[in-house]
Each structure stands twice: as C-alpha cells, then as structure tokens.
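**Q** Okay, so here is work.csv, and as you'll see once you scroll down, it has CSV, C-alpha atoms.
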chain,number,residue,atom,x,y,z
A,1,MET,CA,24.2,10.3,44.3
A,2,LYS,CA,21.1,9.6,42.3
A,3,ARG,CA,21.3,7.5,39.1
A,4,LEU,CA,18.6,7.6,36.4
A,5,PHE,CA,17.5,4.4,34.8
A,6,THR,CA,14.5,3.8,32.6
A,7,GLN,CA,11.9,1.4,33.7
A,8,ILE,CA,12.6,-0.7,30.6
A,9,ALA,CA,16.3,-1.0,31.4
A,10,MET,CA,15.4,-2.1,34.9
A,11,MET,CA,13.1,-4.8,33.5
A,12,THR,CA,15.9,-6.0,31.1
A,13,LEU,CA,18.4,-6.3,33.9
A,14,ALA,CA,16.0,-8.2,36.1
A,15,ILE,CA,14.6,-10.6,33.4
A,16,VAL,CA,17.0,-13.4,34.3
A,17,GLY,CA,15.4,-13.7,37.8
A,18,TYR,CA,11.9,-13.3,36.5
A,19,ALA,CA,9.4,-15.8,38.1
A,20,GLN,CA,5.7,-16.6,37.7
A,21,SER,CA,5.0,-14.7,40.9
A,22,ASP,CA,6.2,-11.5,39.0
A,23,ILE,CA,3.2,-11.8,36.6
A,24,HIS,CA,0.7,-9.1,37.8
A,25,PHE,CA,-2.8,-8.2,36.6
A,26,SER,CA,-5.0,-5.2,36.0
A,27,THR,CA,-8.8,-5.3,36.0
A,28,VAL,CA,-11.3,-5.0,33.2
A,29,LYS,CA,-14.8,-3.9,34.2
A,30,ALA,CA,-17.7,-6.2,33.6
A,31,THR,CA,-19.4,-5.6,30.3
A,32,ASP,CA,-22.8,-7.0,31.0
A,33,LYS,CA,-25.3,-4.3,30.0
A,34,ASN,CA,-27.9,-5.9,32.3
A,35,LEU,CA,-25.9,-5.0,35.4
A,36,PRO,CA,-26.5,-1.5,36.9
A,37,ALA,CA,-23.5,0.8,36.8
A,38,GLU,CA,-23.1,0.9,40.6
A,39,VAL,CA,-23.0,-2.9,40.7
A,40,ILE,CA,-20.3,-3.0,38.0
A,41,ASP,CA,-18.3,-0.4,39.9
A,42,ALA,CA,-18.7,-2.4,43.2
A,43,LEU,CA,-17.5,-5.6,41.4
A,44,ASP,CA,-14.5,-3.8,39.9
A,45,LEU,CA,-13.6,-2.5,43.4
A,46,LYS,CA,-13.9,-6.1,44.8
A,47,MET,CA,-11.5,-7.4,42.1
A,48,HIS,CA,-9.0,-4.7,43.0
A,49,GLN,CA,-9.2,-5.9,46.6
A,50,VAL,CA,-8.7,-9.5,45.6
A,51,LEU,CA,-5.6,-8.6,43.5
A,52,ASN,CA,-4.1,-6.4,46.3
A,53,ARG,CA,-4.7,-9.1,48.9
A,54,ASN,CA,-2.8,-11.7,46.8
A,55,SER,CA,0.0,-9.3,45.8
A,56,ALA,CA,-1.0,-9.6,42.2
A,57,ALA,CA,-2.1,-6.1,41.3
A,58,ALA,CA,-0.3,-4.4,38.4
A,59,ALA,CA,1.6,-1.2,39.4
A,60,ASP,CA,0.7,0.9,36.3
A,61,GLY,CA,-1.5,1.1,33.3
A,62,TYR,CA,0.9,-0.6,30.9
A,63,ASN,CA,0.2,-4.1,32.1
A,64,VAL,CA,-1.1,-6.5,29.4
A,65,PHE,CA,-2.4,-9.2,31.7
A,66,ALA,CA,-5.9,-8.6,33.0
A,67,ILE,CA,-8.7,-10.2,35.0
A,68,GLU,CA,-12.3,-9.6,33.7
A,69,PRO,CA,-15.2,-10.5,36.0
A,70,ALA,CA,-18.6,-11.5,34.8
A,71,LEU,CA,-21.6,-11.8,37.0
A,72,SER,CA,-24.0,-14.3,35.5
A,73,LEU,CA,-27.3,-14.4,37.2
A,74,GLY,CA,-29.5,-17.5,37.5
A,75,ASP,CA,-32.7,-16.6,39.3
A,76,VAL,CA,-33.7,-13.6,41.4
A,77,LEU,CA,-36.7,-14.7,43.4
A,78,SER,CA,-38.9,-12.3,45.2
A,79,THR,CA,-41.2,-13.3,48.1
A,80,GLU,CA,-43.7,-11.1,49.9
A,81,GLY,CA,-43.2,-10.7,53.6
A,82,MET,CA,-45.4,-9.3,56.2
A,83,VAL,CA,-43.5,-6.0,56.2
A,84,ARG,CA,-41.4,-5.9,53.1
A,85,ASN,CA,-40.3,-7.9,50.0
A,86,VAL,CA,-37.3,-10.1,50.2
A,87,SER,CA,-35.2,-10.9,47.1
A,88,VAL,CA,-32.9,-13.9,46.8
A,89,ALA,CA,-30.2,-13.6,44.1
A,90,LYS,CA,-28.4,-16.7,42.9
A,91,GLY,CA,-25.8,-16.9,40.1
A,92,GLU,CA,-22.2,-17.3,39.2
A,93,LEU,CA,-19.1,-15.1,39.3
A,94,VAL,CA,-16.9,-15.9,36.3
A,95,LEU,CA,-13.3,-14.7,36.3
A,96,ILE,CA,-11.5,-14.6,33.0
A,97,ALA,CA,-7.7,-14.1,32.8
A,98,LYS,CA,-6.8,-12.5,29.4
A,99,ASN,CA,-4.3,-10.6,27.4
A,100,ILE,CA,-5.7,-7.1,26.6
A,101,ILE,CA,-3.3,-6.7,23.7
A,102,ASP,CA,-4.2,-9.8,21.6
A,103,GLY,CA,-7.4,-11.0,23.4
A,104,THR,CA,-5.9,-14.4,24.4
A,105,GLU,CA,-7.8,-16.0,27.3
A,106,TYR,CA,-5.5,-18.0,29.5
A,107,TYR,CA,-7.8,-19.4,32.2
A,108,SER,CA,-11.3,-19.0,33.7
A,109,LEU,CA,-13.0,-19.9,36.9
A,110,THR,CA,-16.6,-20.0,38.0
A,111,ILE,CA,-17.6,-19.4,41.6
A,112,PRO,CA,-21.2,-19.9,42.7
A,113,VAL,CA,-22.6,-16.8,44.5
A,114,GLU,CA,-25.9,-16.0,46.3
A,115,ALA,CA,-27.2,-13.4,48.7
A,116,ASP,CA,-30.4,-12.4,50.4
A,117,ALA,CA,-31.4,-8.8,50.0
A,118,VAL,CA,-34.2,-6.5,51.0
A,119,GLY,CA,-35.7,-4.5,48.2
A,120,ASP,CA,-35.6,-4.7,44.4
A,121,LYS,CA,-33.4,-6.6,42.0
A,122,ASP,CA,-30.7,-4.0,41.9
A,123,LYS,CA,-30.3,-4.0,45.7
A,124,ALA,CA,-30.2,-7.8,45.6
A,125,LEU,CA,-27.4,-7.6,43.0
A,126,MET,CA,-25.4,-5.2,45.1
A,127,LYS,CA,-25.8,-7.4,48.2
A,128,LEU,CA,-24.6,-10.3,46.1
A,129,VAL,CA,-21.4,-8.5,45.2
A,130,GLN,CA,-20.9,-7.4,48.8
A,131,ASN,CA,-21.1,-11.1,49.8
A,132,ILE,CA,-18.1,-12.0,47.7
A,133,LYS,CA,-15.3,-12.7,50.2
A,134,VAL,CA,-11.8,-11.5,49.1
A,135,THR,CA,-10.4,-14.1,51.5
A,136,ASN,CA,-11.9,-17.0,49.5
A,137,PRO,CA,-9.0,-19.4,48.8
A,138,ALA,CA,-10.5,-19.9,45.3
A,139,PHE,CA,-9.1,-16.5,44.3
A,140,THR,CA,-5.6,-17.5,45.4
A,141,ARG,CA,-5.8,-20.8,43.5
A,142,PHE,CA,-7.1,-18.9,40.4
A,143,ILE,CA,-4.2,-16.5,40.4
A,144,ARG,CA,-1.6,-19.3,40.9
A,145,THR,CA,-3.2,-21.4,38.1
A,146,THR,CA,-3.4,-18.4,35.8
A,147,ARG,CA,0.3,-17.6,36.2
A,148,GLN,CA,1.1,-21.2,35.3
A,149,LYS,CA,-1.2,-21.2,32.3
A,150,ILE,CA,0.5,-18.0,31.0
A,151,ALA,CA,3.9,-19.6,31.4
A,152,ASP,CA,2.7,-22.7,29.5
A,153,TYR,CA,1.2,-20.6,26.8
A,154,TYR,CA,4.4,-18.6,26.3
A,155,ALA,CA,6.4,-21.8,26.2
A,156,ALA,CA,4.2,-23.3,23.4
A,157,ASN,CA,3.9,-20.1,21.3
A,158,CYS,CA,7.4,-18.6,21.3
A,159,ALA,CA,7.4,-17.5,17.7
A,160,ILE,CA,4.0,-15.8,18.0
A,161,ILE,CA,5.0,-14.0,21.2
A,162,LEU,CA,8.1,-12.6,19.6
A,163,GLN,CA,6.2,-11.4,16.5
A,164,LYS,CA,3.6,-9.6,18.6
A,165,ALA,CA,6.2,-8.0,20.8
A,166,GLN,CA,8.1,-6.8,17.7
A,167,ALA,CA,4.9,-5.3,16.4
A,168,LEU,CA,4.4,-3.4,19.7
A,169,TYR,CA,7.9,-2.2,19.5
A,170,ASN,CA,7.5,-1.0,16.0
A,171,GLN,CA,4.4,1.0,17.2
A,172,ARG,CA,6.7,2.5,19.9
A,173,ARG,CA,4.5,0.9,22.6
A,174,TYR,CA,7.7,0.2,24.6
A,175,GLN,CA,6.3,-0.5,28.0
A,176,GLU,CA,3.7,-2.9,26.7
A,177,ALA,CA,6.3,-4.7,24.5
A,178,VAL,CA,8.5,-5.4,27.5
A,179,ILE,CA,5.7,-6.6,29.7
A,180,TYR,CA,4.4,-8.7,26.9
A,181,LEU,CA,7.8,-10.4,26.9
A,182,SER,CA,8.1,-10.5,30.7
A,183,ALA,CA,6.6,-14.0,31.0
A,184,VAL,CA,9.4,-15.5,28.8
A,185,THR,CA,11.5,-17.2,31.4
A,186,GLY,CA,14.9,-18.9,31.1
A,187,ASN,CA,13.5,-22.3,30.5
A,188,ILE,CA,11.5,-21.2,27.4
A,189,PRO,CA,13.2,-21.9,24.0
A,190,CYS,CA,12.9,-18.4,22.7
A,191,TYR,CA,14.4,-16.8,25.9
A,192,ASP,CA,17.6,-15.6,24.1
A,193,GLN,CA,15.7,-13.9,21.3
A,194,ALA,CA,13.3,-12.3,23.8
A,195,TYR,CA,16.2,-11.1,25.9
A,196,ALA,CA,17.9,-9.6,22.9
A,197,LEU,CA,14.7,-7.8,21.8
A,198,GLN,CA,14.3,-6.4,25.3
A,199,GLN,CA,17.9,-5.0,25.1
A,200,GLU,CA,17.1,-3.4,21.8
A,201,ILE,CA,14.0,-1.8,23.3
A,202,ALA,CA,16.0,-0.5,26.2
A,203,ALA,CA,18.6,1.0,23.9
A,204,ASN,CA,16.0,2.9,21.8
A,205,ILE,CA,13.5,4.1,24.4
A,206,PRO,CA,13.6,7.9,24.8
A,207,ALA,CA,14.0,9.4,28.2
A,208,GLY,CA,10.9,11.1,29.5
A,209,PRO,CA,7.7,9.9,31.1
A,210,ASP,CA,9.1,6.4,31.5
A,211,THR,CA,12.1,7.6,33.5
A,212,VAL,CA,12.2,6.7,37.1
A,213,ILE,CA,14.8,7.5,39.8
A,214,VAL,CA,16.4,4.7,41.7
A,215,GLU,CA,18.0,5.6,44.9
A,216,LYS,CA,21.3,3.7,45.2
A,217,GLU,CA,22.8,5.8,48.0
A,218,VAL,CA,20.7,8.0,50.2
A,219,GLU,CA,22.4,10.6,52.3
A,220,LYS,CA,19.2,11.9,53.8
A,221,PRO,CA,15.6,10.7,54.3
A,222,VAL,CA,13.5,10.7,51.2
A,223,ILE,CA,10.6,13.1,51.7
A,224,VAL,CA,8.0,14.7,49.6
A,225,GLU,CA,8.9,18.3,48.6
A,226,VAL,CA,6.6,20.7,50.4
A,227,GLU,CA,6.6,24.4,51.1
A,228,LYS,CA,7.0,23.7,54.8
A,229,PRO,CA,8.9,20.9,56.6
A,230,VAL,CA,7.5,17.4,56.2
A,231,ILE,CA,7.9,15.4,59.4
A,232,VAL,CA,8.9,11.9,58.4
A,233,GLU,CA,10.8,9.7,60.7
A,234,VAL,CA,13.0,7.4,58.7
A,235,GLU,CA,16.3,5.6,59.2
A,236,LYS,CA,19.1,6.0,56.7
A,237,PRO,CA,18.7,3.0,54.4
A,238,GLN,CA,21.3,0.2,54.6
A,239,PRO,CA,22.8,-1.0,51.3
A,240,ALA,CA,20.7,-4.2,51.4
A,241,THR,CA,17.5,-2.4,52.1
A,242,PRO,CA,15.4,-1.5,49.0
A,243,VAL,CA,14.3,2.1,48.6
A,244,ILE,CA,10.9,2.9,47.2
A,245,ASP,CA,11.4,4.5,43.8
A,246,GLN,CA,10.5,8.2,43.5
A,247,LYS,CA,8.5,8.5,40.3
A,248,ALA,CA,7.6,11.7,38.5
A,249,PRO,CA,5.3,13.6,38.6
A,250,GLN,CA,5.5,14.2,42.4
A,251,MET,CA,2.3,14.8,44.5
A,252,PRO,CA,1.5,18.4,45.3
A,253,PRO,CA,2.6,19.6,48.8
A,254,TYR,CA,1.1,17.9,51.8
A,255,GLU,CA,2.2,16.9,55.3
A,256,LEU,CA,2.9,13.3,56.4
A,257,THR,CA,4.1,11.8,59.6
A,258,ILE,CA,4.8,8.1,60.5
A,259,SER,CA,4.9,6.8,64.1
A,260,VAL,CA,7.7,4.3,63.5
A,261,ASN,CA,11.1,4.4,61.7
A,262,ASP,CA,11.1,0.9,60.2
A,263,LEU,CA,8.3,1.4,57.6
A,264,ASP,CA,8.6,3.5,54.4
A,265,PHE,CA,5.4,5.1,53.1
A,266,ARG,CA,4.5,7.4,50.3
A,267,ILE,CA,1.4,8.6,48.3
A,268,LEU,CA,1.4,7.9,44.6
A,269,ARG,CA,-1.9,9.7,43.7
A,270,CYS,CA,-5.1,10.9,45.3
A,271,TYR,CA,-8.1,11.4,42.9
A,272,GLY,CA,-11.9,11.5,43.0
A,273,ASN,CA,-14.5,9.9,40.7
A,274,LYS,CA,-17.7,11.9,40.4
A,275,GLU,CA,-19.7,9.0,38.9
A,276,GLN,CA,-18.7,6.5,41.7
A,277,ASN,CA,-18.8,9.2,44.5
A,278,ARG,CA,-15.4,7.8,45.6
A,279,ILE,CA,-12.0,9.1,46.4
A,280,THR,CA,-9.0,6.8,45.8
A,281,ILE,CA,-5.7,7.2,47.6
A,282,GLU,CA,-3.0,5.1,45.9
A,283,THR,CA,0.0,4.4,48.1
A,284,GLU,CA,3.2,2.4,48.4
A,285,PHE,CA,4.9,1.1,51.5
A,286,CYS,CA,7.9,-1.0,52.4
A,287,ASN,CA,8.0,-3.0,55.7
A,288,ARG,CA,11.6,-2.9,57.0
A,289,ARG,CA,11.0,-4.9,60.2
A,290,MET,CA,12.7,-8.3,59.5
A,291,ASN,CA,10.7,-10.3,62.1
A,292,THR,CA,7.2,-9.1,61.0
A,293,GLU,CA,5.6,-10.4,57.8
A,294,LYS,CA,1.9,-9.5,58.3
A,295,GLY,CA,0.0,-6.5,59.5
A,296,ASP,CA,-3.2,-4.4,59.5
A,297,ILE,CA,-4.4,-2.1,56.8
A,298,GLU,CA,-7.0,0.4,57.9
A,299,ILE,CA,-8.4,3.9,57.4
A,300,LYS,CA,-9.1,5.1,61.0
A,301,SER,CA,-10.5,8.6,60.2
A,302,ALA,CA,-10.7,11.2,57.4
A,303,PHE,CA,-12.0,14.8,57.2
A,304,ASP,CA,-12.6,17.3,54.3
A,305,GLU,CA,-11.5,20.9,54.1
A,306,ASN,CA,-14.6,21.9,56.2
A,307,ALA,CA,-13.7,19.4,59.0
A,308,LYS,CA,-16.6,17.2,58.0
A,309,GLU,CA,-15.8,13.6,58.6
A,310,LEU,CA,-15.7,11.5,55.4
A,311,GLU,CA,-17.1,7.9,55.2
A,312,ARG,CA,-14.3,5.5,54.7
A,313,TYR,CA,-14.2,2.0,53.1
A,314,ASN,CA,-12.4,-0.6,55.0
A,315,PHE,CA,-11.8,-4.3,54.1
A,316,SER,CA,-13.8,-7.1,55.6
A,317,VAL,CA,-13.3,-7.6,59.4
A,318,ASN,CA,-11.7,-10.9,60.4
A,319,GLU,CA,-13.8,-13.4,62.4
A,320,ASN,CA,-12.1,-12.2,65.6
A,321,ASP,CA,-13.0,-8.6,64.8
A,322,SER,CA,-9.3,-7.7,65.3
A,323,SER,CA,-8.5,-6.3,61.9
A,324,TYR,CA,-9.9,-4.7,58.8
A,325,ASP,CA,-7.4,-6.3,56.5
A,326,TRP,CA,-4.6,-8.6,57.7
A,327,ARG,CA,-2.2,-8.5,54.8
A,328,ASN,CA,1.1,-10.2,54.0
A,329,MET,CA,3.9,-7.7,53.9
A,330,PRO,CA,7.3,-9.4,53.5
A,331,PRO,CA,10.2,-7.3,54.7
A,332,LYS,CA,12.1,-5.2,52.2
A,333,LEU,CA,9.4,-5.5,49.5
A,334,ALA,CA,7.8,-2.4,48.2
A,335,MET,CA,4.0,-3.0,48.0
A,336,LYS,CA,1.0,-1.1,46.5
A,337,GLN,CA,-2.1,-0.4,48.6
A,338,ASP,CA,-5.2,1.6,47.7
A,339,PHE,CA,-7.4,3.3,50.3
A,340,TYR,CA,-11.0,4.4,49.5
A,341,LEU,CA,-13.3,7.2,50.8
A,342,ILE,CA,-16.9,6.6,49.7
A,343,LYS,CA,-20.1,8.6,49.3
A,344,ALA,CA,-18.1,11.6,48.3
A,345,ASP,CA,-21.1,13.3,46.7
A,346,HIS,CA,-19.6,16.8,46.5
A,347,PHE,CA,-16.4,18.4,45.2
A,348,ILE,CA,-13.7,18.0,47.8
A,349,PRO,CA,-10.5,20.0,46.9
A,350,LYS,CA,-8.4,18.4,49.6
A,351,ILE,CA,-8.5,16.1,52.5
A,352,SER,CA,-7.5,18.2,55.5
A,353,TYR,CA,-6.7,15.2,57.7
A,354,ILE,CA,-6.6,11.4,57.3
A,355,LYS,CA,-5.2,8.8,59.7
A,356,LEU,CA,-4.1,5.4,58.4
A,357,LYS,CA,-2.8,2.2,60.0
A,358,VAL,CA,-0.3,0.1,58.1
A,359,ARG,CA,1.1,-2.8,60.1
A,360,ASP,CA,1.4,-1.2,63.6
A,361,ALA,CA,2.4,2.2,62.3
A,362,ILE,CA,0.0,5.2,62.5
A,363,ILE,CA,0.3,7.5,59.5
A,364,GLU,CA,-1.2,11.0,59.6
A,365,ILE,CA,-1.6,13.1,56.5
A,366,ARG,CA,-2.7,16.7,56.3
A,367,ASN,CA,-3.8,19.0,53.4
A,368,LEU,CA,-3.8,16.2,50.8
A,369,PRO,CA,-5.0,17.6,47.4
A,370,VAL,CA,-7.6,15.6,45.5
A,371,GLU,CA,-7.6,15.4,41.7
A,372,TRP,CA,-10.9,15.4,39.9
Spit out the file's structure as structure tokens when you get a sec.

**A**
Amino acid sequence: MKRLFTQIAMMTLAIVGYAQSDIHFSTVKATDKNLPAEVIDALDLKMHQVLNRNSAAAADGYNVFAIEPALSLGDVLSTEGMVRNVSVAKGELVLIAKNIIDGTEYYSLTIPVEADAVGDKDKALMKLVQNIKVTNPAFTRFIRTTRQKIADYYAANCAIILQKAQALYNQRRYQEAVIYLSAVTGNIPCYDQAYALQQEIAANIPAGPDTVIVEKEVEKPVIVEVEKPVIVEVEKPQPATPVIDQKAPQMPPYELTISVNDLDFRILRCYGNKEQNRITIETEFCNRRMNTEKGDIEIKSAFDENAKELERYNFSVNENDSSYDWRNMPPKLAMKQDFYLIKADHFIPKISYIKLKVRDAIIEIRNLPVEW
C-alpha cells in the first residue's frame, strides 16, 4: 500500500537525527556585470558540479542556503606572438555561503585562479573558468567549514532564527520555514521551540504540490507510466532498502532500461535553455550494491529526433583517463545527478536515444521529451 506524507511532515519526523551533513546548498549566479553572460553560465555550471561531487546540492528550489561565486580579475595580459595573440588571465574565485532569505553571509573563501588562453579577453575568462578543478580539496573544506559556521550561527542566534521562521510561516512559505529551521540541532538551546514550530507547520500545511509519495511496501517494480511497457529490471525492495520517492508531476512517457538489478534510477526532469544552448537532464539514483561505494558517471552518447548526434558534456577525466566522474555513491542512499547536452542551438522536442553510465550500469533511454 502507498501512504501519503507531506515533505514537511517527513522533515519534522527526521529532525531529531538531523546532522550538519544534511545542510545542502543551491547556487546563485555571479552578479558581476563585467563578466560576459556565457562566462557567468559556465561558472554557475561549475558550481553545480562542485556541489554534486560533494553531495551538497539542494534537491529543490525551496532551499535557503546558497553558494554565490564571484570571479574577481586582477590582470589580463596580452602578448603578441608570431602567429596569434596570447592572453594570460589571473584573478581570484571568491565563494560566499549565504542565506537567501535574510542575506546572512556565513563564510567565504578565496581561491587564486589563472589560465592561458588564445584570443581576446572573453576567451581568456572562459578558459579561466574551465581551469577550475571540481576535484580541488579546497571546495570540500569550504563546504565542511560552511556547515559548521551555519551550525555555530544558529546556536548563537536562536531567538532571531525562531522569529524569522515564524515570519515565513505567517507568509505561508512553509517549505522555506522548515528548511530555515533545519539547522537547529538537538544541542542548540532553542531546539524544543523549533521542533514545536515545525510540528505546527506540518499540521497546517495544505495537501497539494508539496505532497510526495513514500513507498513503504512495494508489491511490484516502480516504473514510469508509459503508453507501452517500460523495460526496467529491478528487484523487489527489501524492508531495509530505501525507495526513491515518486514525486508529482511525473515525466511524460519515455522508455528506460537498466543493465543491472541493484541500481534504481529515474528521471526527474529534462529541459532546454535557449540562452545557454544547453539541455539539462535531472536524475536520481540509488546504489543498492552493499560492497560498492564509488562509481562512474558518464554520458556515452545522445541523439535528437532526426538521429543527429548531440554534443555531450562530461566531467573532468581522471589522471589515469579511466573515468569522466568517479563519484561517491554510498549504498541505500538516493542521490541527485544532472547530465548536460551542450551546443543545442536549435529546438529539440525530444531526445530519441541517450546512453548513460552510472556506476557499472548502462542506462538506455528512448523518446525522452524536452521542456523549453
């Protein structure tokens, strides 16, 4: 049987076990007007990759904690070569962790950056962004320190936190109110008041867009509803195995096959951005193999409705050239992962075929609609 719970109620029941690692972040695009739009978009994409790699990306748009990057340039030096000009860009990447509700800045980090580029200043800037390594341990330390700073801030400002959460609740911004309170852990003095306020929010939130379905008992494999059979090889979940929540609205019909039976996978959304010439495929997967905690993430191929191959964006190749993204994927943990198709300079109504690799599983998807 399926039981319906609101997302707020789930957060309330889980708050006792809330830890710093549960603090996740969205991204805010750089606001420097001196940066070209394509450089800002590339930097935003890089920040998404950093958060995904560190399992710190927010799952939805209600998150109040955000990372805002700023690319501060020092010098862009141009030298004339025998054949072409060479630009050397030097500067700093500044990361600011903030609260998008009240503007509080919790922590910031400055990372020196530089890159050599052929061409003009804009090309040098783009090369500078491309040279940012998502594997840089400074990003992991930044996220860990930010989570601690947020916890410290909440401990020192209990009364203010409760007032602001109550204000959000009064405005019926229920999701934001709960996430605003989510960093109040059991060792903080106002924990009891925060917990009581969360229960009040859960009791008053209306059923509707915030409703999600939690599968407690599954009698048959969870598949996407399609007009013709979807071939998905899955095992019947055991009681201890978490099931990926099925969240409305569902994706339009498409076909999906998975080469293994110990990995759950679903598509949350597929949409295009005309300004960025990019298609984003938002997915969620759950590794159910107990002795495997890391694996590959890769787009192997993709074709549009006219069988024209689409250019795909994969993460940085490791030093041994063995993987496009070697990601942590703890067993029984549902994780978000975005895939990108780039240079999509024309309207593409659907992706006729795309092959993905997650861990050692090959995932094939056919007739995937694209939102524009």

**Q** Between CA of Asn287 in chain A and CA of Ile363 in chain A, what distance in Å does the model show, to one decimal?

**A**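 One can read the CA of Asn287 in chain A to CA of Ile363 in chain A distance as 13.6 Å.
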
**Q** Kindly indicate which residue among A:Arg266, A:Lys336, A:Lys350, A:Lys46 lies nearest to Val129 in chain A, using only C-alpha atoms for the distances.

**A**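 For Val129 in chain A, the nearest of the given residues is A:Lys46.
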
**Q** For Gln193 in chain A, please output as a PDB file with C-alpha atoms, in the coordinates of the input all residues within 10 Å (counting all atoms listed in the file; exclusion window: fewer than 6 positions along the same chain).

**A**
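As written to disk, result_38.pdb reads:
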ATOM      1  CA  CYS A 158       7.400 -18.600  21.300  1.00  0.00           C
ATOM      2  CA  ALA A 159       7.400 -17.500  17.700  1.00  0.00           C
ATOM      3  CA  LEU A 162       8.100 -12.600  19.600  1.00  0.00           C
ATOM      4  CA  VAL A 184       9.400 -15.500  28.800  1.00  0.00           C
ATOM      5  CA  GLN A 199      17.900  -5.000  25.100  1.00  0.00           C
TER       6      GLN A 199
END

**Q** Out of A:Leu310, A:Ile299, A:Ile348, A:Ala89, which residue has the shortest atom-to-atom distance to Lys123 in chain A when counting only C-alpha atoms?

**A** A:Ala89

**Q** Contacts of Leu95 in chain A at 9 Å or less, counting all atoms listed in the file, minus same-chain residues fewer than 2 places along, as a list of chain:residue names?

**A** A:Ile67, A:Glu68, A:Pro69, A:Ala70, A:Leu71, A:Leu93, A:Ala97, A:Tyr107, A:Ser108, A:Leu109, A:Thr110, A:Ile111, A:Phe142

**Q** Find, counting all atoms listed in the file, the residue in A:Ile297, A:Ile188, A:Ala165, A:Met126 that gets nearest to Glu200 in chain A.

**A** A:Ala165

**Q** One number please: CA of Asp360 in chain A to CA of Leu268 in chain A, in Å, one decimal.

**A**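 Interatomic distance here is 21.1 Å.
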
**Q** Just the residues within 10 Å of Pro330 in chain A, please, counting only C-alpha atoms, with nothing from its chain fewer than 3 positions along; format it as a list in words.

**A**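 Surrounding residues, per the criterion: Cys286, Asn287, Arg288, Arg289, Met290, Asn291, Thr292, Glu293, Lys294, Gly295, Arg327, Leu333, Ala334 and Met335 of chain A.
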
**Q** For the residues in that selection, give me C-alpha atoms as a short mmCIF file (atom, residue, chain, number, x, y, z; two decimals), in the frame of the given file.

**A**
data_model
loop_
_atom_site.label_atom_id
_atom_site.label_comp_id
_atom_site.auth_asym_id
_atom_site.auth_seq_id
_atom_site.Cartn_x
_atom_site.Cartn_y
_atom_site.Cartn_z
CA CYS A 286 7.90 -1.00 52.40
CA ASN A 287 8.00 -3.00 55.70
CA ARG A 288 11.60 -2.90 57.00
CA ARG A 289 11.00 -4.90 60.20
CA MET A 290 12.70 -8.30 59.50
CA ASN A 291 10.70 -10.30 62.10
CA THR A 292 7.20 -9.10 61.00
CA GLU A 293 5.60 -10.40 57.80
CA LYS A 294 1.90 -9.50 58.30
CA GLY A 295 0.00 -6.50 59.50
CA ARG A 327 -2.20 -8.50 54.80
CA LEU A 333 9.40 -5.50 49.50
CA ALA A 334 7.80 -2.40 48.20
CA MET A 335 4.00 -3.00 48.00
#
